[in-house]
$ cat entry_12.cif   # mmCIF, N, CA and C atoms and all ligand atoms
data_input
loop_
_atom_site.label_atom_id
_atom_site.label_comp_id
_atom_site.auth_asym_id
_atom_site.auth_seq_id
_atom_site.Cartn_x
_atom_site.Cartn_y
_atom_site.Cartn_z
N MET E 274 -18.45 238.46 -91.79
CA MET E 274 -18.39 239.21 -93.05
C MET E 274 -17.39 238.54 -93.99
N ASN E 275 -17.78 238.23 -95.23
CA ASN E 275 -16.83 237.67 -96.18
C ASN E 275 -17.07 238.28 -97.56
N ASP E 276 -16.43 237.72 -98.58
CA ASP E 276 -16.50 238.40 -99.87
C ASP E 276 -17.87 238.34 -100.51
N SER E 277 -18.77 237.54 -99.95
CA SER E 277 -20.12 237.50 -100.51
C SER E 277 -21.00 238.61 -99.94
N ASP E 278 -20.50 239.31 -98.91
CA ASP E 278 -21.26 240.41 -98.31
C ASP E 278 -21.05 241.68 -99.14
N ALA E 279 -21.95 241.93 -100.07
CA ALA E 279 -21.82 243.12 -100.90
C ALA E 279 -22.02 244.35 -100.03
N ASP E 280 -21.35 245.43 -100.36
CA ASP E 280 -21.49 246.66 -99.60
C ASP E 280 -21.73 247.79 -100.57
N ASP E 281 -22.96 248.31 -100.58
CA ASP E 281 -23.32 249.35 -101.54
C ASP E 281 -22.99 250.74 -101.00
N ARG E 282 -22.55 250.79 -99.76
CA ARG E 282 -22.28 252.11 -99.18
C ARG E 282 -21.08 252.77 -99.85
N GLN E 283 -21.11 254.10 -99.88
CA GLN E 283 -19.99 254.87 -100.42
C GLN E 283 -19.04 255.20 -99.26
N PRO E 284 -17.78 254.75 -99.31
CA PRO E 284 -16.90 255.09 -98.19
C PRO E 284 -16.56 256.59 -98.18
N ALA E 285 -16.42 257.14 -96.98
CA ALA E 285 -15.94 258.52 -96.88
C ALA E 285 -14.47 258.58 -97.26
N LEU E 286 -13.78 257.46 -97.02
CA LEU E 286 -12.32 257.41 -97.22
C LEU E 286 -11.93 255.98 -97.57
N ARG E 287 -10.99 255.84 -98.50
CA ARG E 287 -10.51 254.50 -98.83
C ARG E 287 -9.02 254.59 -99.14
N LEU E 288 -8.22 253.72 -98.56
CA LEU E 288 -6.77 253.75 -98.80
C LEU E 288 -6.18 252.37 -98.49
N VAL E 289 -4.93 252.19 -98.93
CA VAL E 289 -4.25 250.91 -98.72
C VAL E 289 -3.29 251.05 -97.54
N ALA E 290 -3.34 250.10 -96.60
CA ALA E 290 -2.44 250.11 -95.45
C ALA E 290 -1.02 249.78 -95.91
N SER E 291 -0.06 250.61 -95.49
CA SER E 291 1.31 250.51 -96.02
C SER E 291 2.32 250.18 -94.93
N PRO E 292 3.51 249.68 -95.32
CA PRO E 292 4.51 249.27 -94.33
C PRO E 292 4.92 250.38 -93.37
N GLN E 293 4.91 251.65 -93.82
CA GLN E 293 5.36 252.73 -92.91
C GLN E 293 4.38 252.96 -91.76
N ASP E 294 3.20 252.34 -91.83
CA ASP E 294 2.19 252.54 -90.77
C ASP E 294 2.15 251.37 -89.79
N THR E 295 3.18 250.51 -89.81
CA THR E 295 3.15 249.34 -88.93
C THR E 295 3.75 249.63 -87.56
N ASN E 296 3.31 248.84 -86.58
CA ASN E 296 3.91 248.86 -85.25
C ASN E 296 5.03 247.82 -85.18
N ALA E 297 5.62 247.65 -83.99
CA ALA E 297 6.77 246.76 -83.85
C ALA E 297 6.41 245.30 -84.14
N ALA E 298 5.13 244.97 -84.03
CA ALA E 298 4.71 243.58 -84.28
C ALA E 298 4.39 243.34 -85.75
N GLY E 299 4.41 244.41 -86.55
CA GLY E 299 4.15 244.24 -87.98
C GLY E 299 2.72 244.50 -88.40
N ASP E 300 1.83 244.73 -87.42
CA ASP E 300 0.46 245.11 -87.75
C ASP E 300 0.39 246.64 -87.90
N ILE E 301 -0.75 247.09 -88.40
CA ILE E 301 -0.91 248.54 -88.57
C ILE E 301 -1.21 249.18 -87.20
N PHE E 302 -0.57 250.32 -86.95
CA PHE E 302 -0.75 251.06 -85.69
C PHE E 302 -2.22 251.42 -85.46
N GLY E 303 -2.67 251.23 -84.22
CA GLY E 303 -4.01 251.69 -83.87
C GLY E 303 -4.15 253.19 -84.07
N GLY E 304 -3.09 253.92 -83.80
CA GLY E 304 -3.15 255.38 -83.95
C GLY E 304 -3.37 255.80 -85.39
N TRP E 305 -2.79 255.05 -86.32
CA TRP E 305 -3.01 255.35 -87.74
C TRP E 305 -4.48 255.13 -88.09
N ILE E 306 -5.03 254.03 -87.58
CA ILE E 306 -6.45 253.74 -87.85
C ILE E 306 -7.33 254.84 -87.24
N MET E 307 -6.98 255.27 -86.03
CA MET E 307 -7.77 256.32 -85.37
C MET E 307 -7.74 257.62 -86.18
N ALA E 308 -6.59 257.92 -86.76
CA ALA E 308 -6.49 259.14 -87.59
C ALA E 308 -7.42 259.03 -88.81
N GLN E 309 -7.45 257.85 -89.43
CA GLN E 309 -8.33 257.69 -90.61
C GLN E 309 -9.79 257.79 -90.19
N VAL E 310 -10.10 257.21 -89.02
CA VAL E 310 -11.48 257.28 -88.49
C VAL E 310 -11.88 258.75 -88.29
N ASP E 311 -10.97 259.54 -87.73
CA ASP E 311 -11.26 260.95 -87.46
C ASP E 311 -11.47 261.71 -88.77
N VAL E 312 -10.59 261.46 -89.74
CA VAL E 312 -10.74 262.16 -91.04
C VAL E 312 -12.06 261.77 -91.70
N ALA E 313 -12.38 260.47 -91.69
CA ALA E 313 -13.64 260.02 -92.32
C ALA E 313 -14.84 260.64 -91.63
N GLY E 314 -14.83 260.63 -90.29
CA GLY E 314 -15.94 261.23 -89.55
C GLY E 314 -16.06 262.71 -89.80
N SER E 315 -14.91 263.37 -89.91
CA SER E 315 -14.93 264.83 -90.12
C SER E 315 -15.48 265.18 -91.50
N ILE E 316 -15.27 264.32 -92.47
CA ILE E 316 -15.82 264.59 -93.81
C ILE E 316 -17.35 264.56 -93.76
N ALA E 317 -17.90 263.53 -93.07
CA ALA E 317 -19.37 263.45 -92.95
C ALA E 317 -19.89 264.65 -92.17
N ALA E 318 -19.19 265.02 -91.10
CA ALA E 318 -19.63 266.16 -90.28
C ALA E 318 -19.52 267.47 -91.07
N TYR E 319 -18.43 267.60 -91.83
CA TYR E 319 -18.23 268.81 -92.64
C TYR E 319 -19.36 268.97 -93.64
N ARG E 320 -19.72 267.85 -94.29
CA ARG E 320 -20.82 267.91 -95.27
C ARG E 320 -22.11 268.35 -94.58
N ARG E 321 -22.39 267.78 -93.39
CA ARG E 321 -23.64 268.11 -92.69
C ARG E 321 -23.62 269.55 -92.19
N ALA E 322 -22.45 269.99 -91.72
CA ALA E 322 -22.33 271.34 -91.16
C ALA E 322 -22.21 272.40 -92.25
N GLY E 323 -21.80 271.97 -93.43
CA GLY E 323 -21.58 272.94 -94.51
C GLY E 323 -20.36 273.81 -94.24
N GLY E 324 -19.36 273.27 -93.57
CA GLY E 324 -18.15 274.04 -93.31
C GLY E 324 -17.31 273.40 -92.22
N ARG E 325 -16.38 274.21 -91.73
CA ARG E 325 -15.37 273.74 -90.78
C ARG E 325 -15.97 273.08 -89.53
N VAL E 326 -15.33 271.98 -89.10
CA VAL E 326 -15.71 271.31 -87.86
C VAL E 326 -14.45 270.95 -87.08
N ALA E 327 -14.62 270.74 -85.78
CA ALA E 327 -13.53 270.21 -84.95
C ALA E 327 -14.05 269.01 -84.19
N THR E 328 -13.17 268.05 -83.97
CA THR E 328 -13.51 266.89 -83.15
C THR E 328 -13.51 267.33 -81.69
N VAL E 329 -14.62 267.12 -80.98
CA VAL E 329 -14.64 267.49 -79.56
C VAL E 329 -14.57 266.25 -78.68
N ALA E 330 -15.02 265.09 -79.17
CA ALA E 330 -14.99 263.87 -78.34
C ALA E 330 -14.98 262.62 -79.22
N VAL E 331 -14.27 261.62 -78.73
CA VAL E 331 -14.39 260.26 -79.28
C VAL E 331 -15.09 259.47 -78.18
N ASP E 332 -16.38 259.24 -78.37
CA ASP E 332 -17.18 258.64 -77.30
C ASP E 332 -16.91 257.17 -77.13
N SER E 333 -16.63 256.48 -78.24
CA SER E 333 -16.30 255.06 -78.14
C SER E 333 -15.47 254.67 -79.35
N LEU E 334 -14.63 253.66 -79.15
CA LEU E 334 -13.82 253.15 -80.26
C LEU E 334 -13.42 251.72 -79.93
N GLN E 335 -13.70 250.82 -80.85
CA GLN E 335 -13.31 249.42 -80.65
C GLN E 335 -12.49 248.94 -81.84
N PHE E 336 -11.35 248.33 -81.51
CA PHE E 336 -10.56 247.63 -82.53
C PHE E 336 -10.99 246.16 -82.47
N HIS E 337 -11.70 245.71 -83.48
CA HIS E 337 -12.21 244.33 -83.47
C HIS E 337 -11.17 243.33 -83.97
N GLN E 338 -10.40 243.75 -84.97
CA GLN E 338 -9.42 242.85 -85.58
C GLN E 338 -8.23 243.69 -86.05
N PRO E 339 -7.04 243.08 -86.17
CA PRO E 339 -5.89 243.84 -86.68
C PRO E 339 -6.03 244.17 -88.16
N VAL E 340 -5.37 245.26 -88.54
CA VAL E 340 -5.25 245.63 -89.96
C VAL E 340 -3.84 245.25 -90.41
N LEU E 341 -3.75 244.67 -91.61
CA LEU E 341 -2.46 244.18 -92.11
C LEU E 341 -2.00 245.00 -93.31
N VAL E 342 -0.69 245.02 -93.52
CA VAL E 342 -0.14 245.68 -94.71
C VAL E 342 -0.80 245.08 -95.95
N GLY E 343 -1.22 245.96 -96.86
CA GLY E 343 -1.85 245.51 -98.10
C GLY E 343 -3.37 245.45 -98.03
N ASP E 344 -3.93 245.59 -96.82
CA ASP E 344 -5.39 245.63 -96.71
C ASP E 344 -5.93 246.89 -97.40
N LEU E 345 -7.04 246.72 -98.11
CA LEU E 345 -7.75 247.89 -98.64
C LEU E 345 -8.72 248.34 -97.54
N VAL E 346 -8.47 249.53 -97.02
CA VAL E 346 -9.18 250.02 -95.84
C VAL E 346 -10.26 251.02 -96.26
N SER E 347 -11.51 250.71 -95.93
CA SER E 347 -12.62 251.61 -96.25
C SER E 347 -13.25 252.10 -94.97
N CYS E 348 -13.44 253.41 -94.86
CA CYS E 348 -14.06 254.00 -93.68
C CYS E 348 -15.44 254.54 -94.08
N TYR E 349 -16.48 253.98 -93.46
CA TYR E 349 -17.85 254.40 -93.74
C TYR E 349 -18.33 255.28 -92.59
N ALA E 350 -18.85 256.43 -92.93
CA ALA E 350 -19.25 257.40 -91.90
C ALA E 350 -20.71 257.76 -92.07
N GLU E 351 -21.43 257.73 -90.94
CA GLU E 351 -22.87 258.03 -90.98
C GLU E 351 -23.21 258.98 -89.85
N VAL E 352 -23.89 260.06 -90.19
CA VAL E 352 -24.33 261.01 -89.16
C VAL E 352 -25.46 260.37 -88.36
N MET E 353 -25.27 260.30 -87.04
CA MET E 353 -26.25 259.64 -86.18
C MET E 353 -27.15 260.63 -85.47
N LYS E 354 -26.59 261.80 -85.14
CA LYS E 354 -27.34 262.76 -84.32
C LYS E 354 -26.83 264.16 -84.62
N VAL E 355 -27.76 265.10 -84.67
CA VAL E 355 -27.39 266.51 -84.86
C VAL E 355 -27.95 267.31 -83.70
N GLY E 356 -27.08 268.00 -82.98
CA GLY E 356 -27.51 268.84 -81.86
C GLY E 356 -27.58 270.28 -82.30
N THR E 357 -27.37 271.20 -81.35
CA THR E 357 -27.40 272.62 -81.70
C THR E 357 -26.18 272.99 -82.52
N THR E 358 -25.01 272.62 -81.99
CA THR E 358 -23.77 272.90 -82.73
C THR E 358 -22.98 271.61 -83.00
N SER E 359 -23.44 270.50 -82.46
CA SER E 359 -22.66 269.26 -82.54
C SER E 359 -23.26 268.26 -83.53
N ILE E 360 -22.41 267.40 -84.03
CA ILE E 360 -22.80 266.34 -84.98
C ILE E 360 -22.11 265.06 -84.52
N THR E 361 -22.91 264.03 -84.24
CA THR E 361 -22.35 262.74 -83.83
C THR E 361 -22.32 261.81 -85.03
N VAL E 362 -21.14 261.22 -85.26
CA VAL E 362 -20.93 260.39 -86.45
C VAL E 362 -20.46 259.00 -86.03
N HIS E 363 -21.07 257.98 -86.63
CA HIS E 363 -20.61 256.60 -86.45
C HIS E 363 -19.70 256.25 -87.63
N VAL E 364 -18.52 255.75 -87.31
CA VAL E 364 -17.58 255.36 -88.37
C VAL E 364 -17.29 253.87 -88.23
N GLU E 365 -17.41 253.18 -89.35
CA GLU E 365 -17.11 251.76 -89.40
C GLU E 365 -15.96 251.56 -90.39
N VAL E 366 -14.97 250.80 -89.96
CA VAL E 366 -13.81 250.54 -90.83
C VAL E 366 -13.85 249.07 -91.26
N VAL E 367 -13.83 248.87 -92.56
CA VAL E 367 -13.89 247.52 -93.14
C VAL E 367 -12.66 247.35 -94.02
N VAL E 368 -12.01 246.19 -93.91
CA VAL E 368 -10.90 245.94 -94.84
C VAL E 368 -11.27 244.82 -95.80
N GLU E 369 -10.71 244.93 -96.99
CA GLU E 369 -10.75 243.82 -97.95
C GLU E 369 -9.33 243.27 -98.00
N ARG E 370 -9.22 241.95 -97.81
CA ARG E 370 -7.90 241.31 -97.70
C ARG E 370 -7.84 240.14 -98.68
N ASP E 371 -6.83 240.20 -99.54
CA ASP E 371 -6.68 239.14 -100.54
C ASP E 371 -5.80 238.03 -99.97
N SER E 372 -6.27 236.80 -100.08
CA SER E 372 -5.46 235.66 -99.65
C SER E 372 -5.72 234.53 -100.63
N ARG E 373 -5.04 233.44 -100.41
CA ARG E 373 -5.25 232.30 -101.33
C ARG E 373 -6.69 231.83 -101.33
N ALA E 374 -7.37 232.07 -100.21
CA ALA E 374 -8.76 231.62 -100.09
C ALA E 374 -9.73 232.57 -100.78
N GLY E 375 -9.22 233.69 -101.29
CA GLY E 375 -10.09 234.68 -101.92
C GLY E 375 -10.03 236.00 -101.17
N ILE E 376 -10.98 236.88 -101.48
CA ILE E 376 -10.98 238.20 -100.85
C ILE E 376 -11.96 238.17 -99.68
N ALA E 377 -11.41 238.44 -98.50
CA ALA E 377 -12.24 238.49 -97.29
C ALA E 377 -12.57 239.94 -96.96
N ARG E 378 -13.79 240.17 -96.45
CA ARG E 378 -14.19 241.49 -95.95
C ARG E 378 -14.34 241.38 -94.44
N LEU E 379 -13.66 242.25 -93.72
CA LEU E 379 -13.67 242.18 -92.26
C LEU E 379 -13.96 243.54 -91.67
N LYS E 380 -14.89 243.59 -90.71
CA LYS E 380 -15.08 244.83 -89.95
C LYS E 380 -14.00 244.87 -88.88
N VAL E 381 -13.11 245.85 -88.96
CA VAL E 381 -11.95 245.86 -88.06
C VAL E 381 -12.08 246.87 -86.92
N THR E 382 -12.81 247.95 -87.15
CA THR E 382 -12.88 249.01 -86.14
C THR E 382 -14.21 249.73 -86.28
N GLU E 383 -14.75 250.21 -85.15
CA GLU E 383 -15.88 251.14 -85.23
C GLU E 383 -15.80 252.14 -84.10
N ALA E 384 -16.38 253.31 -84.34
CA ALA E 384 -16.25 254.39 -83.37
C ALA E 384 -17.41 255.37 -83.49
N ASN E 385 -17.66 256.07 -82.39
CA ASN E 385 -18.60 257.20 -82.38
C ASN E 385 -17.84 258.45 -82.00
N LEU E 386 -17.94 259.45 -82.85
CA LEU E 386 -17.21 260.70 -82.62
C LEU E 386 -18.18 261.88 -82.64
N VAL E 387 -17.84 262.91 -81.86
CA VAL E 387 -18.66 264.12 -81.84
C VAL E 387 -17.84 265.27 -82.41
N TYR E 388 -18.43 265.96 -83.36
CA TYR E 388 -17.81 267.13 -83.99
C TYR E 388 -18.63 268.37 -83.66
N VAL E 389 -17.97 269.51 -83.65
CA VAL E 389 -18.66 270.78 -83.43
C VAL E 389 -18.43 271.66 -84.65
N ALA E 390 -19.51 272.23 -85.17
CA ALA E 390 -19.39 273.17 -86.29
C ALA E 390 -18.79 274.47 -85.76
N LEU E 391 -17.84 275.00 -86.51
CA LEU E 391 -17.14 276.21 -86.06
C LEU E 391 -17.35 277.36 -87.04
N ASP E 392 -17.39 278.58 -86.46
CA ASP E 392 -17.43 279.77 -87.32
C ASP E 392 -16.00 280.21 -87.65
N ASN E 393 -15.88 281.34 -88.29
CA ASN E 393 -14.55 281.80 -88.73
C ASN E 393 -13.61 282.12 -87.58
N ASP E 394 -14.20 282.34 -86.39
CA ASP E 394 -13.37 282.63 -85.21
C ASP E 394 -13.08 281.38 -84.40
N GLY E 395 -13.49 280.21 -84.91
CA GLY E 395 -13.23 278.96 -84.20
C GLY E 395 -14.19 278.74 -83.05
N LYS E 396 -15.33 279.46 -83.05
CA LYS E 396 -16.36 279.30 -82.00
C LYS E 396 -17.48 278.41 -82.52
N PRO E 397 -18.14 277.67 -81.60
CA PRO E 397 -19.26 276.82 -82.03
C PRO E 397 -20.32 277.65 -82.74
N ARG E 398 -20.84 277.09 -83.82
CA ARG E 398 -21.92 277.77 -84.54
C ARG E 398 -23.07 276.78 -84.76
N PRO E 399 -24.31 277.28 -84.75
CA PRO E 399 -25.45 276.37 -84.93
C PRO E 399 -25.38 275.66 -86.28
N VAL E 400 -25.77 274.40 -86.27
CA VAL E 400 -25.77 273.62 -87.52
C VAL E 400 -27.10 273.85 -88.23
C1 LIG D 1 -17.76 268.44 -98.39
C2 LIG D 1 -16.60 268.51 -99.26
C3 LIG D 1 -15.40 269.03 -98.56
C4 LIG D 1 -14.97 268.12 -97.50
C5 LIG D 1 -13.76 268.69 -96.84
C6 LIG D 1 -13.48 267.85 -95.68
C7 LIG D 1 -12.40 268.45 -94.88
C8 LIG D 1 -12.18 267.56 -93.78
C9 LIG D 1 -10.79 267.83 -93.26
C10 LIG D 1 -10.46 266.82 -92.30
C11 LIG D 1 -9.36 267.28 -91.50
C12 LIG D 1 -9.32 266.51 -90.25
C13 LIG D 1 -10.19 267.19 -89.23
C14 LIG D 1 -10.05 266.47 -87.98
C15 LIG D 1 -10.65 267.30 -86.91
C16 LIG D 1 -9.62 267.67 -85.93
O1 LIG D 1 -8.58 267.13 -85.84
S1 LIG D 1 -9.99 268.99 -84.93
C17 LIG D 1 -8.59 269.01 -83.82
C18 LIG D 1 -8.92 268.39 -82.50
N1 LIG D 1 -9.97 269.10 -81.86
C19 LIG D 1 -9.76 270.31 -81.28
O2 LIG D 1 -8.68 270.87 -81.28
C20 LIG D 1 -10.98 270.92 -80.64
C21 LIG D 1 -10.59 271.61 -79.32
N2 LIG D 1 -11.80 272.04 -78.63
C22 LIG D 1 -12.34 273.25 -78.83
O3 LIG D 1 -11.81 274.10 -79.54
C23 LIG D 1 -13.65 273.53 -78.15
O4 LIG D 1 -13.93 272.51 -77.21
C24 LIG D 1 -14.82 273.61 -79.18
C25 LIG D 1 -14.83 272.42 -80.16
C26 LIG D 1 -14.72 274.93 -79.97
C27 LIG D 1 -16.15 273.54 -78.45
O5 LIG D 1 -16.11 274.57 -77.51
P1 LIG D 1 -16.98 274.40 -76.16
O6 LIG D 1 -16.78 275.65 -75.38
O7 LIG D 1 -16.70 273.08 -75.55
O8 LIG D 1 -18.44 274.44 -76.77
P2 LIG D 1 -19.78 274.05 -76.04
O9 LIG D 1 -20.73 275.12 -76.48
O10 LIG D 1 -19.62 273.75 -74.59
O11 LIG D 1 -20.17 272.65 -76.74
C28 LIG D 1 -20.44 272.64 -78.12
C29 LIG D 1 -21.13 271.32 -78.44
O12 LIG D 1 -20.22 270.26 -78.22
C30 LIG D 1 -20.79 269.31 -77.32
N3 LIG D 1 -19.73 268.77 -76.50
C31 LIG D 1 -18.78 269.46 -75.85
N4 LIG D 1 -17.96 268.62 -75.20
C32 LIG D 1 -18.41 267.36 -75.46
C33 LIG D 1 -17.98 266.06 -75.08
N5 LIG D 1 -16.94 265.88 -74.29
N6 LIG D 1 -18.69 265.02 -75.54
C34 LIG D 1 -19.75 265.17 -76.36
N7 LIG D 1 -20.21 266.40 -76.75
C35 LIG D 1 -19.53 267.47 -76.30
C36 LIG D 1 -21.79 270.10 -76.49
O13 LIG D 1 -22.79 269.25 -75.93
C37 LIG D 1 -22.34 271.04 -77.55
O14 LIG D 1 -23.29 270.35 -78.36
P3 LIG D 1 -24.69 271.02 -78.82
O15 LIG D 1 -25.59 270.95 -77.66
O16 LIG D 1 -24.41 272.45 -79.20
O17 LIG D 1 -25.14 270.24 -79.99
#

$ encode --input "entry_12.cif" --output "structure tokens"
Amino acid sequence: MNDSDADDRQPALRLVASPQDTNAAGDIFGGWIMAQVDVAGSIAAYRRAGGRVATVAVDSLQFHQPVLVGDLVSCYAEVMKVGTTSITVHVEVVVERDSRAGIARLKVTEANLVYVALDNDGKPRPV
């Protein structure tokens, strides 16, 4: 993936990676990325459910490449499966990174998460 790979998708979430989110090695914490993945997935699930959802499982998650301070981080979320009360969402995290060579686009993380639609009492409700 490089700067010639246009991406017409609308990100669920987009933000800039900042120094306060770094680990001891100076890269961005995996946990910070996981939090953004969860928020992005929950937005897609919330839209599909038409209301409150909770994360019940992270079925898979791969960190393909490190995220660096200053990266523009975009989280793309797509509903993959809808069950009775559950919604499975695929989240892909892509960064745009400016360097002397130009702007690179890199897929850094992807994950599959399962959300459950909840009623006002916090119980599963049919989607
Ligand atoms: C639109 C504009 C506004 C947008 C506005 C956006 C707002 C966006 C705010 C974002 C904000 C951040 C949001 C983050 C989301 C949290 O951080 S949520 C916090 C972390 N999660 C939790 O605390 C959940 C804790 N767990 C629970 O409370 C209970 O397990 C639950 C979720 C109520 C489910 O209860 P349960 O008894 O397990 O329910 P059960 O009927 O057995 O299973 C329900 C469904 O889940 C499935 N399931 C259960 N366990 C699993 C598993 N391990 N694996 C896969 N599936 C499973 C079942 O198969 C079932 O699926 P269906 O067959 O019905 O489709």

$ closest_residue --input "entry_12.cif" --among "E:Val381, E:Leu391, E:Val340, E:Ile360" --to "Thr295 of chain E" --atoms "only C-alpha atoms"
E:Val340

$ atom_distance --input "entry_12.cif" --atom1 "atom C22 of ligand LIG 1 (chain D)" --atom2 "atom CA of Val355 of chain E"
17.6 Å

$ residues_around --input "entry_12.cif" --residues "Gln338 of chain E" --least-positions-apart "6" --cutoff "9 Å" --atoms "only C-alpha atoms" --output "list in words"
Leu379, Lys380, Val381 and Thr382 of chain E

$ residues_near_ligand --input "entry_12.cif" --ligand "ligand LIG 1 (chain D)" --cutoff "6 Å" --atoms "only C-alpha atoms and all ligand atoms" --output "PyMOL selection string"
chain E and resi 311-312+315-316+319-320+327-330+356-359+387+389+396-397

$ residues_around --input "entry_12.cif" --residues "Ile301 of chain E" --least-positions-apart "6" --cutoff "10 Å" --atoms "only C-alpha atoms" --output "ChimeraX atom specification"
/E:290-295,339-342,344

$ build_atoms --input "entry_12.cif" --residues "segment 326-333 of chain E" --atoms "all heavy atoms" --output "CSV table (one decimal), in the frame of the given file"
chain,number,residue,atom,x,y,z
E,326,VAL,N,-15.3,272.0,-89.1
E,326,VAL,CA,-15.7,271.3,-87.9
E,326,VAL,C,-14.4,271.0,-87.1
E,326,VAL,O,-13.4,270.9,-87.6
E,326,VAL,CB,-16.5,270.0,-88.1
E,326,VAL,CG1,-17.9,270.3,-88.8
E,326,VAL,CG2,-15.7,269.0,-88.9
E,327,ALA,N,-14.6,270.7,-85.8
E,327,ALA,CA,-13.5,270.2,-85.0
E,327,ALA,C,-14.0,269.0,-84.2
E,327,ALA,O,-15.2,269.0,-83.8
E,327,ALA,CB,-13.0,271.3,-84.0
E,328,THR,N,-13.2,268.0,-84.0
E,328,THR,CA,-13.5,266.9,-83.2
E,328,THR,C,-13.5,267.3,-81.7
E,328,THR,O,-12.5,267.9,-81.2
E,328,THR,CB,-12.5,265.8,-83.3
E,328,THR,OG1,-12.1,265.7,-84.7
E,328,THR,CG2,-12.9,264.4,-82.8
E,329,VAL,N,-14.6,267.1,-81.0
E,329,VAL,CA,-14.6,267.5,-79.6
E,329,VAL,C,-14.6,266.2,-78.7
E,329,VAL,O,-14.1,266.3,-77.5
E,329,VAL,CB,-15.9,268.4,-79.2
E,329,VAL,CG1,-17.2,267.6,-79.2
E,329,VAL,CG2,-15.7,269.1,-77.9
E,330,ALA,N,-15.0,265.1,-79.2
E,330,ALA,CA,-15.0,263.9,-78.3
E,330,ALA,C,-15.0,262.6,-79.2
E,330,ALA,O,-15.6,262.6,-80.3
E,330,ALA,CB,-16.2,263.8,-77.4
E,331,VAL,N,-14.3,261.6,-78.7
E,331,VAL,CA,-14.4,260.3,-79.3
E,331,VAL,C,-15.1,259.5,-78.2
E,331,VAL,O,-14.5,259.1,-77.2
E,331,VAL,CB,-13.0,259.7,-79.6
E,331,VAL,CG1,-13.2,258.3,-80.2
E,331,VAL,CG2,-12.3,260.6,-80.6
E,332,ASP,N,-16.4,259.2,-78.4
E,332,ASP,CA,-17.2,258.6,-77.3
E,332,ASP,C,-16.9,257.2,-77.1
E,332,ASP,O,-17.0,256.6,-76.0
E,332,ASP,CB,-18.7,258.9,-77.6
E,332,ASP,CG,-19.1,260.2,-77.0
E,332,ASP,OD1,-18.3,260.9,-76.3
E,332,ASP,OD2,-20.3,260.6,-77.3
E,333,SER,N,-16.6,256.5,-78.2
E,333,SER,CA,-16.3,255.1,-78.1
E,333,SER,C,-15.5,254.7,-79.4
E,333,SER,O,-15.6,255.3,-80.4
E,333,SER,CB,-17.6,254.2,-78.1
E,333,SER,OG,-18.2,254.2,-79.3
